[in-house]
file work06.tsv (TSV, C-alpha atoms (C1' of nucleotides))
chain	number	residue	atom	x	y	z
A	258	MET	CA	106.41	75.50	161.06
A	259	LEU	CA	109.98	76.03	160.05
A	260	SER	CA	112.30	76.67	162.98
A	261	ARG	CA	114.41	79.78	163.01
A	262	LYS	CA	117.42	77.56	162.86
A	263	THR	CA	116.45	76.26	159.45
A	264	LYS	CA	115.36	79.62	158.18
A	265	TYR	CA	118.61	81.22	159.29
A	266	GLY	CA	120.59	78.37	157.83
A	267	LEU	CA	118.93	78.77	154.45
A	268	LYS	CA	119.47	82.50	154.47
A	269	ALA	CA	123.11	82.06	155.37
A	270	LEU	CA	123.67	79.53	152.63
A	271	SER	CA	121.90	81.81	150.23
A	272	PHE	CA	124.17	84.65	151.28
A	273	LEU	CA	127.24	82.51	150.70
A	274	ALA	CA	125.94	81.40	147.32
A	275	LYS	CA	125.69	85.02	146.26
A	276	GLN	CA	129.38	85.71	146.83
A	277	GLU	CA	131.23	86.29	143.62
A	278	ASP	CA	134.68	85.24	144.76
A	279	GLU	CA	135.49	82.21	146.84
A	280	LYS	CA	136.86	84.01	149.86
A	281	PRO	CA	135.61	82.82	153.24
A	282	VAL	CA	132.88	84.99	154.72
A	283	GLN	CA	132.89	85.72	158.42
A	284	ILE	CA	129.98	84.85	160.67
A	285	SER	CA	129.70	88.47	161.75
A	286	VAL	CA	129.22	89.62	158.17
A	287	ILE	CA	126.40	87.18	157.55
A	288	SER	CA	124.73	87.80	160.88
A	289	GLU	CA	124.65	91.53	160.29
A	290	ALA	CA	123.46	91.28	156.72
A	291	GLU	CA	120.68	88.85	157.57
A	292	ASN	CA	119.72	90.11	161.03
A	293	ILE	CA	120.61	86.92	162.81
A	294	SER	CA	122.03	86.57	166.32
A	295	GLN	CA	125.72	85.97	165.78
A	296	LYS	CA	126.18	83.30	168.41
A	297	PHE	CA	123.15	81.39	167.23
A	298	LEU	CA	124.29	81.56	163.63
A	299	GLU	CA	127.69	80.32	164.75
A	300	SER	CA	126.19	77.05	165.96
A	301	ILE	CA	124.12	76.67	162.82
A	302	LEU	CA	127.07	77.15	160.50
A	303	LEU	CA	129.10	74.78	162.61
A	304	SER	CA	126.56	72.02	162.21
A	305	MET	CA	126.43	72.59	158.48
A	306	ARG	CA	130.17	72.33	158.33
A	307	LYS	CA	130.10	69.07	160.23
A	308	THR	CA	127.56	67.67	157.81
A	309	GLY	CA	129.60	68.55	154.78
A	310	PHE	CA	127.82	71.56	153.37
A	311	LEU	CA	130.35	74.15	154.38
A	312	GLY	CA	134.07	74.52	154.68
A	313	SER	CA	135.69	76.87	157.13
A	314	LYS	CA	138.94	78.59	157.77
A	315	LYS	CA	140.13	79.81	161.14
A	316	GLY	CA	142.04	82.92	162.06
A	317	LYS	CA	142.41	86.24	160.32
A	318	GLY	CA	140.73	86.28	156.94
A	319	GLY	CA	138.88	83.14	157.92
A	320	GLY	CA	135.21	82.34	157.67
A	321	TYR	CA	132.84	79.99	155.90
A	322	TYR	CA	132.43	79.01	152.28
A	323	LEU	CA	130.35	76.58	150.25
A	324	LEU	CA	131.89	73.20	149.52
A	325	LYS	CA	129.65	72.51	146.55
A	326	LYS	CA	128.21	74.56	143.77
A	327	PRO	CA	124.90	76.23	144.59
A	328	GLU	CA	123.09	74.14	141.99
A	329	GLU	CA	124.26	71.00	143.75
A	330	ILE	CA	122.73	71.92	147.09
A	331	SER	CA	119.04	71.07	147.26
A	332	ILE	CA	116.83	72.69	149.83
A	333	ALA	CA	115.59	69.25	150.81
A	334	ALA	CA	119.06	68.22	151.90
A	335	VAL	CA	119.51	71.34	153.99
A	336	TYR	CA	116.06	70.95	155.47
A	337	ARG	CA	116.78	67.42	156.61
A	338	ILE	CA	120.00	68.45	158.31
A	339	LEU	CA	118.64	71.45	160.15
A	340	GLU	CA	114.96	70.70	160.63
A	341	GLY	CA	114.68	66.95	160.37
A	342	PRO	CA	111.98	64.97	158.59
A	343	ILE	CA	110.12	66.58	155.72
A	344	ALA	CA	107.16	64.28	156.25
A	345	MET	CA	104.42	65.40	158.60
A	346	VAL	CA	104.16	62.08	160.39
A	347	PRO	CA	107.06	59.77	161.21
A	348	CYS	CA	105.34	56.77	159.65
A	349	VAL	CA	105.53	58.52	156.28
A	350	SER	CA	109.12	59.66	156.48
A	351	LEU	CA	111.59	58.23	154.00
A	352	ASN	CA	114.71	59.21	155.92
A	353	PHE	CA	113.45	59.23	159.49
A	354	TYR	CA	110.83	56.48	159.50
A	355	GLU	CA	109.19	55.51	162.78
A	356	LYS	CA	106.15	53.41	163.43
A	357	CYS	CA	103.26	55.29	164.99
A	358	HIS	CA	102.48	53.96	168.44
A	359	ASP	CA	98.74	54.22	167.90
A	360	CYS	CA	98.37	52.53	164.52
A	361	PRO	CA	98.24	48.75	164.37
A	362	ASP	CA	98.29	48.89	160.56
A	363	GLU	CA	99.43	52.07	158.89
A	364	HIS	CA	98.09	51.04	155.50
A	365	GLN	CA	94.61	51.31	156.90
A	366	CYS	CA	95.20	54.75	158.35
A	367	SER	CA	93.56	57.62	156.48
A	368	VAL	CA	95.97	60.14	157.92
A	369	HIS	CA	98.88	58.09	156.67
A	370	ARG	CA	97.63	58.03	153.11
A	371	LEU	CA	96.94	61.74	153.09
A	372	MET	CA	100.36	62.57	154.47
A	373	VAL	CA	102.05	60.48	151.81
A	374	GLN	CA	100.51	62.82	149.25
A	375	VAL	CA	101.59	65.91	151.13
A	376	ARG	CA	105.08	64.53	151.51
A	377	ASP	CA	105.47	63.73	147.84
A	378	ASN	CA	104.33	67.18	146.80
A	379	THR	CA	106.54	68.99	149.27
A	380	LEU	CA	109.43	66.77	148.40
A	381	SER	CA	109.18	67.48	144.71
A	382	ILE	CA	109.50	71.17	145.42
A	383	LEU	CA	112.29	70.94	147.96
A	384	GLU	CA	114.30	68.41	145.96
A	385	ASN	CA	114.05	70.45	142.80
A	386	THR	CA	114.93	73.78	144.31
A	387	THR	CA	118.58	74.52	144.88
A	388	LEU	CA	120.60	77.38	146.24
A	389	GLU	CA	121.12	78.46	142.68
A	390	ASP	CA	117.44	79.28	142.42
A	391	PHE	CA	117.81	81.47	145.47
A	392	VAL	CA	120.57	83.46	143.85
A	393	LYS	CA	118.87	83.85	140.50
A	394	GLU	CA	115.74	85.26	142.02
A	395	ASN	CA	117.25	88.57	143.06
B	198	MET	CA	105.60	67.57	162.05
B	199	LEU	CA	101.96	67.01	162.81
B	200	SER	CA	101.21	67.06	166.52
B	201	ARG	CA	99.46	64.10	168.08
B	202	LYS	CA	96.61	66.40	168.85
B	203	THR	CA	95.91	66.96	165.17
B	204	LYS	CA	96.46	63.36	164.24
B	205	TYR	CA	94.12	62.16	166.96
B	206	GLY	CA	91.58	64.78	166.00
B	207	LEU	CA	91.60	63.64	162.40
B	208	LYS	CA	91.27	60.00	163.37
B	209	ALA	CA	88.39	60.79	165.68
B	210	LEU	CA	86.57	62.77	163.01
B	211	SER	CA	87.19	59.98	160.59
B	212	PHE	CA	85.75	57.50	163.06
B	213	LEU	CA	82.63	59.63	163.47
B	214	ALA	CA	82.26	60.01	159.73
B	215	LYS	CA	82.18	56.23	159.40
B	216	GLN	CA	79.16	55.85	161.66
B	217	GLU	CA	76.10	54.76	159.78
B	218	ASP	CA	73.48	56.18	162.08
B	219	GLU	CA	73.56	59.60	163.68
B	220	LYS	CA	73.72	58.51	167.28
B	221	PRO	CA	76.26	60.25	169.45
B	222	VAL	CA	79.47	58.30	169.96
B	223	GLN	CA	81.13	58.28	173.35
B	224	ILE	CA	84.68	59.42	173.89
B	225	SER	CA	85.58	56.07	175.41
B	226	VAL	CA	84.48	54.23	172.27
B	227	ILE	CA	86.63	56.37	170.02
B	228	SER	CA	89.61	56.33	172.33
B	229	GLU	CA	89.60	52.55	172.50
B	230	ALA	CA	89.07	52.04	168.80
B	231	GLU	CA	91.83	54.44	167.85
B	232	ASN	CA	94.28	53.85	170.69
B	233	ILE	CA	94.14	57.36	172.04
B	234	SER	CA	94.43	58.45	175.66
B	235	GLN	CA	90.84	59.10	176.70
B	236	LYS	CA	91.48	62.25	178.68
B	237	PHE	CA	93.57	63.76	175.94
B	238	LEU	CA	90.98	62.95	173.34
B	239	GLU	CA	88.37	64.54	175.56
B	240	SER	CA	90.09	67.89	175.33
B	241	ILE	CA	90.53	67.57	171.60
B	242	LEU	CA	86.89	66.80	170.96
B	243	LEU	CA	85.90	69.62	173.24
B	244	SER	CA	87.89	72.12	171.24
B	245	MET	CA	86.38	70.84	168.02
B	246	ARG	CA	82.94	71.24	169.50
B	247	LYS	CA	83.71	74.81	170.49
B	248	THR	CA	84.85	75.60	166.98
B	249	GLY	CA	81.72	74.24	165.40
B	250	PHE	CA	82.85	70.93	163.96
B	251	LEU	CA	81.12	68.71	166.46
B	252	GLY	CA	77.94	68.60	168.43
B	253	SER	CA	77.68	66.84	171.75
B	254	LYS	CA	75.11	65.45	174.10
B	255	LYS	CA	75.59	64.98	177.80
B	256	GLY	CA	74.43	62.20	180.08
B	257	LYS	CA	73.54	58.62	179.39
B	258	GLY	CA	73.52	57.82	175.71
B	259	GLY	CA	75.42	61.02	175.09
B	260	GLY	CA	78.58	61.57	173.08
B	261	TYR	CA	79.81	63.41	170.02
B	262	TYR	CA	78.55	63.64	166.47
B	263	LEU	CA	79.40	65.53	163.31
B	264	LEU	CA	77.56	68.76	162.68
B	265	LYS	CA	78.25	68.76	158.96
B	266	LYS	CA	78.39	66.13	156.28
B	267	PRO	CA	81.79	64.50	155.86
B	268	GLU	CA	82.17	65.96	152.38
B	269	GLU	CA	81.77	69.44	153.83
B	270	ILE	CA	84.66	69.11	156.26
B	271	SER	CA	88.00	69.79	154.62
B	272	ILE	CA	91.18	68.60	156.23
B	273	ALA	CA	92.58	72.09	155.86
B	274	ALA	CA	89.90	73.48	158.16
B	275	VAL	CA	90.55	70.85	160.79
B	276	TYR	CA	94.28	71.35	160.49
B	277	ARG	CA	93.97	75.07	161.13
B	278	ILE	CA	91.88	74.55	164.23
B	279	LEU	CA	94.04	71.90	165.83
B	280	GLU	CA	97.52	72.54	164.49
B	281	GLY	CA	97.52	76.16	163.43
B	282	PRO	CA	99.05	77.63	160.28
B	283	ILE	CA	99.54	75.41	157.27
B	284	ALA	CA	102.33	77.64	156.01
B	285	MET	CA	105.87	76.88	157.10
B	286	VAL	CA	106.73	80.46	157.92
B	287	PRO	CA	104.37	83.00	159.46
B	288	CYS	CA	105.09	85.57	156.75
B	289	VAL	CA	103.54	83.22	154.21
B	290	SER	CA	100.45	82.30	156.17
B	291	LEU	CA	97.08	83.33	154.80
B	292	ASN	CA	95.16	82.89	158.04
B	293	PHE	CA	97.86	83.49	160.64
B	294	TYR	CA	100.09	86.07	158.98
B	295	GLU	CA	102.95	87.56	160.96
B	296	LYS	CA	105.87	89.62	159.80
B	297	CYS	CA	109.23	87.96	160.22
B	298	HIS	CA	111.37	89.88	162.67
B	299	ASP	CA	114.51	89.38	160.61
B	300	CYS	CA	113.26	90.37	157.15
B	301	PRO	CA	113.16	94.04	156.25
B	302	ASP	CA	111.45	93.15	152.97
B	303	GLU	CA	109.86	89.77	152.60
B	304	HIS	CA	109.52	90.07	148.85
B	305	GLN	CA	113.28	89.92	148.61
B	306	CYS	CA	113.53	86.84	150.80
B	307	SER	CA	114.32	83.60	149.00
B	308	VAL	CA	112.89	81.52	151.80
B	309	HIS	CA	109.65	83.42	151.57
B	310	ARG	CA	109.21	82.72	147.89
B	311	LEU	CA	109.99	79.05	148.28
B	312	MET	CA	107.57	78.66	151.14
B	313	VAL	CA	104.80	80.26	149.14
B	314	GLN	CA	105.16	77.40	146.68
B	315	VAL	CA	105.14	74.79	149.39
B	316	ARG	CA	102.11	76.37	151.00
B	317	ASP	CA	100.13	76.45	147.76
B	318	ASN	CA	100.85	72.83	147.04
B	319	THR	CA	100.02	71.62	150.51
B	320	LEU	CA	96.93	73.75	150.58
B	321	SER	CA	95.60	72.34	147.35
B	322	ILE	CA	95.77	68.88	148.84
B	323	LEU	CA	94.37	69.72	152.24
B	324	GLU	CA	91.58	71.89	150.88
B	325	ASN	CA	90.50	69.28	148.40
B	326	THR	CA	90.51	66.35	150.76
B	327	THR	CA	87.52	65.92	153.03
B	328	LEU	CA	86.43	63.47	155.64
B	329	GLU	CA	84.43	61.75	152.96
B	330	ASP	CA	87.66	60.74	151.27
B	331	PHE	CA	88.79	59.21	154.55
B	332	VAL	CA	85.67	57.08	154.71
B	333	LYS	CA	85.76	55.97	151.10
B	334	GLU	CA	89.29	54.75	151.33
B	335	ASN	CA	88.55	51.80	153.54
C	209	DG	C1'	153.13	87.08	170.20
C	210	DT	C1'	149.15	89.65	169.18
C	211	DT	C1'	145.09	89.73	166.74
C	212	DT	C1'	141.35	87.60	164.46
C	213	DA	C1'	138.66	84.21	163.59
C	214	DT	C1'	136.33	79.52	164.24
C	215	DC	C1'	135.51	75.63	167.55
C	216	DC	C1'	133.40	73.56	171.47
C	217	DT	C1'	130.70	72.72	175.62
C	218	DA	C1'	127.60	74.13	178.85
C	219	DT	C1'	123.75	76.69	180.42
C	220	DT	C1'	119.41	79.09	180.43
C	221	DA	C1'	114.68	81.00	180.05
C	222	DA	C1'	110.58	80.42	177.90
C	223	DG	C1'	107.49	77.86	175.56
C	224	DT	C1'	105.07	73.63	173.89
C	225	DC	C1'	103.36	68.96	174.07
C	226	DG	C1'	101.07	65.08	175.64
C	227	DA	C1'	98.93	63.61	179.28
C	228	DT	C1'	96.57	63.40	183.86
C	229	DA	C1'	93.49	64.72	187.92
C	230	DG	C1'	89.39	65.83	189.95
C	231	DG	C1'	85.31	67.45	190.21
C	232	DA	C1'	80.96	70.25	188.17
C	233	DA	C1'	77.13	70.12	185.17
C	234	DT	C1'	73.69	67.75	182.71
C	235	DA	C1'	70.74	64.15	180.89
C	236	DA	C1'	68.47	59.53	181.00
C	237	DT	C1'	66.27	56.19	183.54
C	238	DA	C1'	64.83	53.22	187.25
D	41	DT	C1'	63.85	61.54	193.36
D	42	DA	C1'	68.14	58.92	193.42
D	43	DT	C1'	71.46	56.82	190.59
D	44	DT	C1'	74.23	56.37	186.84
D	45	DA	C1'	76.48	57.84	182.70
D	46	DT	C1'	78.26	61.08	180.20
D	47	DT	C1'	80.36	65.63	178.77
D	48	DC	C1'	82.39	70.00	180.59
D	49	DC	C1'	85.92	72.73	182.70
D	50	DT	C1'	90.12	74.20	184.93
D	51	DA	C1'	94.35	73.34	186.63
D	52	DT	C1'	98.58	71.00	186.77
D	53	DC	C1'	102.59	68.19	185.41
D	54	DG	C1'	107.05	66.43	183.54
D	55	DA	C1'	109.61	66.08	179.62
D	56	DC	C1'	111.23	68.07	175.78
D	57	DT	C1'	112.49	71.74	172.40
D	58	DT	C1'	113.82	76.21	170.93
D	59	DA	C1'	116.49	80.30	170.55
D	60	DA	C1'	119.83	82.35	172.52
D	61	DT	C1'	123.96	83.38	175.49
D	62	DA	C1'	128.53	82.72	177.90
D	63	DG	C1'	133.15	81.76	178.08
D	64	DG	C1'	137.00	79.95	176.88
D	65	DA	C1'	140.01	76.66	173.60
D	66	DT	C1'	142.13	76.31	169.22
D	67	DA	C1'	144.16	77.73	165.06
D	68	DA	C1'	145.81	80.86	161.42
D	69	DA	C1'	147.74	85.31	159.78
D	70	DC	C1'	150.86	88.82	160.18
call {"tool": "encode", "arguments": {"input": "work06.tsv", "output": "structure tokens"}}
result
Amino acid sequence: MLSRKTKYGLKALSFLAKQEDEKPVQISVISEAENISQKFLESILLSMRKTGFLGSKKGKGGGYYLLKKPEEISIAAVYRILEGPIAMVPCVSLNFYEKCHDCPDEHQCSVHRLMVQVRDNTLSILENTTLEDFVKEN
Amino acid sequence: MLSRKTKYGLKALSFLAKQEDEKPVQISVISEAENISQKFLESILLSMRKTGFLGSKKGKGGGYYLLKKPEEISIAAVYRILEGPIAMVPCVSLNFYEKCHDCPDEHQCSVHRLMVQVRDNTLSILENTTLEDFVKEN
DNA sequence: GTTTATCCTATTAAGTCGATAGGAATAATA
DNA sequence: TATTATTCCTATCGACTTAATAGGATAAAC
């Protein structure tokens, strides 16, 4: 299941992508519009700034804004930052690979093979969906 | 991410499906073959018995056995029992639906629409894969 | 220099996960 | 019938994660 953190992050990015001008948007505005705890959202936006998705401006008239165009931000990239691996088992993850402690040989593991399929399917959706698709939909 | 519980459950079912005769298999045999903590596996098998996937026999020569043919057991069904919802957000779940507390209208939520896609894709894989496929692969 | 905002660190309560412990119940068999 | 082998059941545990909160530091605008 998706954590609230990721869900909130996606909704916030989506909100920013819908802005017509490039003025920074304050946390409080987003948190009210999207029904998200302001303090929690604060930490989420902060981490997305630190990972290069968002820019910010302090002080009066400050806030957050997208650093890239919506069509350049894939959901997969956001997911990996906020949620972590897209794969369902670590031994199938492309970006967060870990050997399973219980499998001597993962190529002989039925679960492994199945989860490769699931990963590839999910990945193709998340890689090919961008914030732009979020904006267009409404 | 898949919990160990689900992974172990799948491996255990797979192990049972590979048996040639119909004799009950003991927990200890499965736990050693698959490198799973015996006590933990015990509780997993128990819950799969209670939900109708497995039969069991007590006492000497006892153990667990499949109640259905491998080709009749879809991974989706097992997943739902052990892991829970296949959907990434509760508002998209077919079997475990819950309204999101932050969305006044889920049809206007971009995350919702995206996760419907992911769910349908994952579902089509998990519904169409059965234990039989696990056996055939090796 | 006051106001408005983000930035940063720390803390917390509740829940989940993976595992363990110990014995009760039941079946086979000697 | 006594013994052994197995599942059954309940309870507990420590470690970790999640979602949220608190409080002040920093920076920019005016």
call {"tool": "interface_residues", "arguments": {"input": "work06.tsv", "of": "chain A", "to": "chain D", "cutoff": "6 Å", "atoms": "all atoms listed in the file", "output": "list in words"}}
result
Lys315, Gly316 and Lys317 of chain A
call {"tool": "closest_residue", "arguments": {"input": "work06.tsv", "among": "A:Leu324, A:Leu302, A:Ile343, A:Ala290", "to": "chain C", "atoms": "all atoms listed in the file"}}
result
A:Leu302
call {"tool": "residues_near_point", "arguments": {"input": "work06.tsv", "point": "(119.8, 77.0, 156.6)", "cutoff": "9 Å", "atoms": "all atoms listed in the file", "output": "list of chain:residue names"}}
result
A:Arg261, A:Lys262, A:Thr263, A:Lys264, A:Tyr265, A:Gly266, A:Leu267, A:Lys268, A:Ala269, A:Leu270, A:Ser271, A:Ile301, A:Leu302, A:Met305, A:Ile332, A:Val335, A:Tyr336, A:Ile338, A:Leu339, A:Glu340
call {"tool": "calpha_fit_and_write", "arguments": {"input": "work06.tsv", "fixed": "chain A", "moving": "chain B", "output": "tab-separated table (two decimals) with C-alpha atoms, keeping the file's coordinate frame"}}
result
chain	number	residue	atom	x	y	z
B	198	MET	CA	106.40	75.47	161.05
B	199	LEU	CA	109.97	76.01	160.01
B	200	SER	CA	112.28	76.65	162.95
B	201	ARG	CA	114.39	79.77	162.97
B	202	LYS	CA	117.40	77.54	162.84
B	203	THR	CA	116.43	76.25	159.41
B	204	LYS	CA	115.36	79.62	158.14
B	205	TYR	CA	118.60	81.22	159.27
B	206	GLY	CA	120.58	78.36	157.82
B	207	LEU	CA	118.93	78.78	154.45
B	208	LYS	CA	119.48	82.52	154.45
B	209	ALA	CA	123.12	82.07	155.37
B	210	LEU	CA	123.67	79.53	152.61
B	211	SER	CA	121.92	81.82	150.22
B	212	PHE	CA	124.18	84.67	151.27
B	213	LEU	CA	127.26	82.52	150.67
B	214	ALA	CA	125.97	81.41	147.30
B	215	LYS	CA	125.72	85.05	146.25
B	216	GLN	CA	129.40	85.72	146.83
B	217	GLU	CA	131.27	86.29	143.62
B	218	ASP	CA	134.70	85.23	144.76
B	219	GLU	CA	135.49	82.19	146.86
B	220	LYS	CA	136.87	83.97	149.88
B	221	PRO	CA	135.63	82.79	153.24
B	222	VAL	CA	132.88	84.94	154.72
B	223	GLN	CA	132.88	85.69	158.42
B	224	ILE	CA	129.99	84.84	160.67
B	225	SER	CA	129.69	88.45	161.75
B	226	VAL	CA	129.21	89.60	158.16
B	227	ILE	CA	126.40	87.16	157.55
B	228	SER	CA	124.73	87.78	160.87
B	229	GLU	CA	124.64	91.52	160.29
B	230	ALA	CA	123.47	91.28	156.71
B	231	GLU	CA	120.69	88.86	157.55
B	232	ASN	CA	119.71	90.10	161.01
B	233	ILE	CA	120.59	86.91	162.81
B	234	SER	CA	121.97	86.56	166.32
B	235	GLN	CA	125.68	85.97	165.78
B	236	LYS	CA	126.12	83.29	168.41
B	237	PHE	CA	123.11	81.37	167.22
B	238	LEU	CA	124.26	81.55	163.64
B	239	GLU	CA	127.65	80.30	164.75
B	240	SER	CA	126.16	77.05	165.95
B	241	ILE	CA	124.11	76.66	162.81
B	242	LEU	CA	127.06	77.13	160.50
B	243	LEU	CA	129.08	74.77	162.61
B	244	SER	CA	126.54	72.02	162.21
B	245	MET	CA	126.42	72.58	158.48
B	246	ARG	CA	130.17	72.33	158.34
B	247	LYS	CA	130.08	69.05	160.24
B	248	THR	CA	127.56	67.65	157.81
B	249	GLY	CA	129.61	68.54	154.79
B	250	PHE	CA	127.81	71.55	153.38
B	251	LEU	CA	130.35	74.14	154.38
B	252	GLY	CA	134.06	74.49	154.69
B	253	SER	CA	135.67	76.84	157.15
B	254	LYS	CA	138.95	78.55	157.82
B	255	LYS	CA	140.12	79.75	161.18
B	256	GLY	CA	142.03	82.86	162.14
B	257	LYS	CA	142.36	86.20	160.45
B	258	GLY	CA	140.72	86.27	157.06
B	259	GLY	CA	138.90	83.10	157.96
B	260	GLY	CA	135.20	82.31	157.70
B	261	TYR	CA	132.84	79.96	155.91
B	262	TYR	CA	132.43	78.99	152.28
B	263	LEU	CA	130.36	76.57	150.25
B	264	LEU	CA	131.89	73.20	149.51
B	265	LYS	CA	129.64	72.51	146.55
B	266	LYS	CA	128.21	74.57	143.76
B	267	PRO	CA	124.90	76.24	144.57
B	268	GLU	CA	123.10	74.15	141.96
B	269	GLU	CA	124.26	71.00	143.73
B	270	ILE	CA	122.71	71.92	147.07
B	271	SER	CA	119.03	71.09	147.23
B	272	ILE	CA	116.83	72.70	149.81
B	273	ALA	CA	115.57	69.27	150.77
B	274	ALA	CA	119.05	68.24	151.88
B	275	VAL	CA	119.50	71.35	153.97
B	276	TYR	CA	116.05	70.97	155.44
B	277	ARG	CA	116.78	67.43	156.58
B	278	ILE	CA	119.99	68.45	158.28
B	279	LEU	CA	118.63	71.45	160.12
B	280	GLU	CA	114.95	70.72	160.60
B	281	GLY	CA	114.66	66.97	160.37
B	282	PRO	CA	111.97	64.98	158.56
B	283	ILE	CA	110.10	66.60	155.71
B	284	ALA	CA	107.15	64.29	156.26
B	285	MET	CA	104.42	65.40	158.63
B	286	VAL	CA	104.17	62.09	160.42
B	287	PRO	CA	107.09	59.79	161.22
B	288	CYS	CA	105.37	56.78	159.66
B	289	VAL	CA	105.53	58.52	156.29
B	290	SER	CA	109.12	59.67	156.48
B	291	LEU	CA	111.59	58.25	153.99
B	292	ASN	CA	114.72	59.22	155.91
B	293	PHE	CA	113.47	59.26	159.49
B	294	TYR	CA	110.86	56.50	159.51
B	295	GLU	CA	109.23	55.55	162.79
B	296	LYS	CA	106.20	53.44	163.46
B	297	CYS	CA	103.29	55.29	164.98
B	298	HIS	CA	102.54	53.98	168.44
B	299	ASP	CA	98.79	54.21	167.92
B	300	CYS	CA	98.44	52.51	164.52
B	301	PRO	CA	98.30	48.74	164.40
B	302	ASP	CA	98.36	48.90	160.60
B	303	GLU	CA	99.46	52.07	158.92
B	304	HIS	CA	98.14	51.03	155.54
B	305	GLN	CA	94.65	51.30	156.95
B	306	CYS	CA	95.24	54.75	158.39
B	307	SER	CA	93.59	57.62	156.53
B	308	VAL	CA	96.01	60.13	157.96
B	309	HIS	CA	98.90	58.08	156.70
B	310	ARG	CA	97.65	58.04	153.14
B	311	LEU	CA	96.95	61.75	153.12
B	312	MET	CA	100.36	62.58	154.49
B	313	VAL	CA	102.04	60.50	151.83
B	314	GLN	CA	100.50	62.84	149.27
B	315	VAL	CA	101.59	65.92	151.14
B	316	ARG	CA	105.09	64.55	151.52
B	317	ASP	CA	105.45	63.76	147.83
B	318	ASN	CA	104.31	67.20	146.81
B	319	THR	CA	106.53	69.02	149.26
B	320	LEU	CA	109.43	66.81	148.37
B	321	SER	CA	109.14	67.51	144.68
B	322	ILE	CA	109.48	71.20	145.40
B	323	LEU	CA	112.27	70.97	147.93
B	324	GLU	CA	114.27	68.46	145.93
B	325	ASN	CA	114.03	70.49	142.77
B	326	THR	CA	114.92	73.82	144.28
B	327	THR	CA	118.58	74.55	144.88
B	328	LEU	CA	120.59	77.41	146.21
B	329	GLU	CA	121.13	78.49	142.65
B	330	ASP	CA	117.44	79.29	142.39
B	331	PHE	CA	117.80	81.48	145.47
B	332	VAL	CA	120.57	83.46	143.83
B	333	LYS	CA	118.85	83.85	140.49
B	334	GLU	CA	115.73	85.24	142.01
B	335	ASN	CA	117.22	88.53	143.05
call {"tool": "interface_residues", "arguments": {"input": "work06.tsv", "of": "chain C", "to": "chain A", "cutoff": "9 Å", "atoms": "all atoms listed in the file", "output": "PyMOL selection string"}}
result
chain C and resi 211-215
call {"tool": "interface_residues", "arguments": {"input": "work06.tsv", "of": "chain B", "to": "chain A", "cutoff": "10 Å", "atoms": "only C-alpha atoms", "output": "PyMOL selection string"}}
result
chain B and resi 198-201+203-205+207-208+211+230-234+272+280-287+298-301+304-312+314-323+326+328+330-335
call {"tool": "write_last_selection", "arguments": {"input": "work06.tsv", "atoms": "C-alpha atoms", "output": "CSV table (one decimal), in the frame of the given file"}}
result
chain,number,residue,atom,x,y,z
B,198,MET,CA,105.6,67.6,162.0
B,199,LEU,CA,102.0,67.0,162.8
B,200,SER,CA,101.2,67.1,166.5
B,201,ARG,CA,99.5,64.1,168.1
B,203,THR,CA,95.9,67.0,165.2
B,204,LYS,CA,96.5,63.4,164.2
B,205,TYR,CA,94.1,62.2,167.0
B,207,LEU,CA,91.6,63.6,162.4
B,208,LYS,CA,91.3,60.0,163.4
B,211,SER,CA,87.2,60.0,160.6
B,230,ALA,CA,89.1,52.0,168.8
B,231,GLU,CA,91.8,54.4,167.8
B,232,ASN,CA,94.3,53.8,170.7
B,233,ILE,CA,94.1,57.4,172.0
B,234,SER,CA,94.4,58.4,175.7
B,272,ILE,CA,91.2,68.6,156.2
B,280,GLU,CA,97.5,72.5,164.5
B,281,GLY,CA,97.5,76.2,163.4
B,282,PRO,CA,99.0,77.6,160.3
B,283,ILE,CA,99.5,75.4,157.3
B,284,ALA,CA,102.3,77.6,156.0
B,285,MET,CA,105.9,76.9,157.1
B,286,VAL,CA,106.7,80.5,157.9
B,287,PRO,CA,104.4,83.0,159.5
B,298,HIS,CA,111.4,89.9,162.7
B,299,ASP,CA,114.5,89.4,160.6
B,300,CYS,CA,113.3,90.4,157.2
B,301,PRO,CA,113.2,94.0,156.2
B,304,HIS,CA,109.5,90.1,148.8
B,305,GLN,CA,113.3,89.9,148.6
B,306,CYS,CA,113.5,86.8,150.8
B,307,SER,CA,114.3,83.6,149.0
B,308,VAL,CA,112.9,81.5,151.8
B,309,HIS,CA,109.6,83.4,151.6
B,310,ARG,CA,109.2,82.7,147.9
B,311,LEU,CA,110.0,79.0,148.3
B,312,MET,CA,107.6,78.7,151.1
B,314,GLN,CA,105.2,77.4,146.7
B,315,VAL,CA,105.1,74.8,149.4
B,316,ARG,CA,102.1,76.4,151.0
B,317,ASP,CA,100.1,76.4,147.8
B,318,ASN,CA,100.8,72.8,147.0
B,319,THR,CA,100.0,71.6,150.5
B,320,LEU,CA,96.9,73.8,150.6
B,321,SER,CA,95.6,72.3,147.4
B,322,ILE,CA,95.8,68.9,148.8
B,323,LEU,CA,94.4,69.7,152.2
B,326,THR,CA,90.5,66.4,150.8
B,328,LEU,CA,86.4,63.5,155.6
B,330,ASP,CA,87.7,60.7,151.3
B,331,PHE,CA,88.8,59.2,154.6
B,332,VAL,CA,85.7,57.1,154.7
B,333,LYS,CA,85.8,56.0,151.1
B,334,GLU,CA,89.3,54.8,151.3
B,335,ASN,CA,88.6,51.8,153.5
call {"tool": "atom_distance", "arguments": {"input": "work06.tsv", "atom1": "CA of Tyr262 in chain B", "atom2": "CA of Val226 in chain B"}}
result
12.5 Å
call {"tool": "axis_aligned_box", "arguments": {"input": "work06.tsv", "around": "range 244-250 of chain B", "padding_each_side": "6 Å", "output": "JSON"}}
result
{"center_x": 84.8, "center_y": 73.2, "center_z": 167.6, "size_x": 18.2, "size_y": 16.8, "size_z": 19.3}
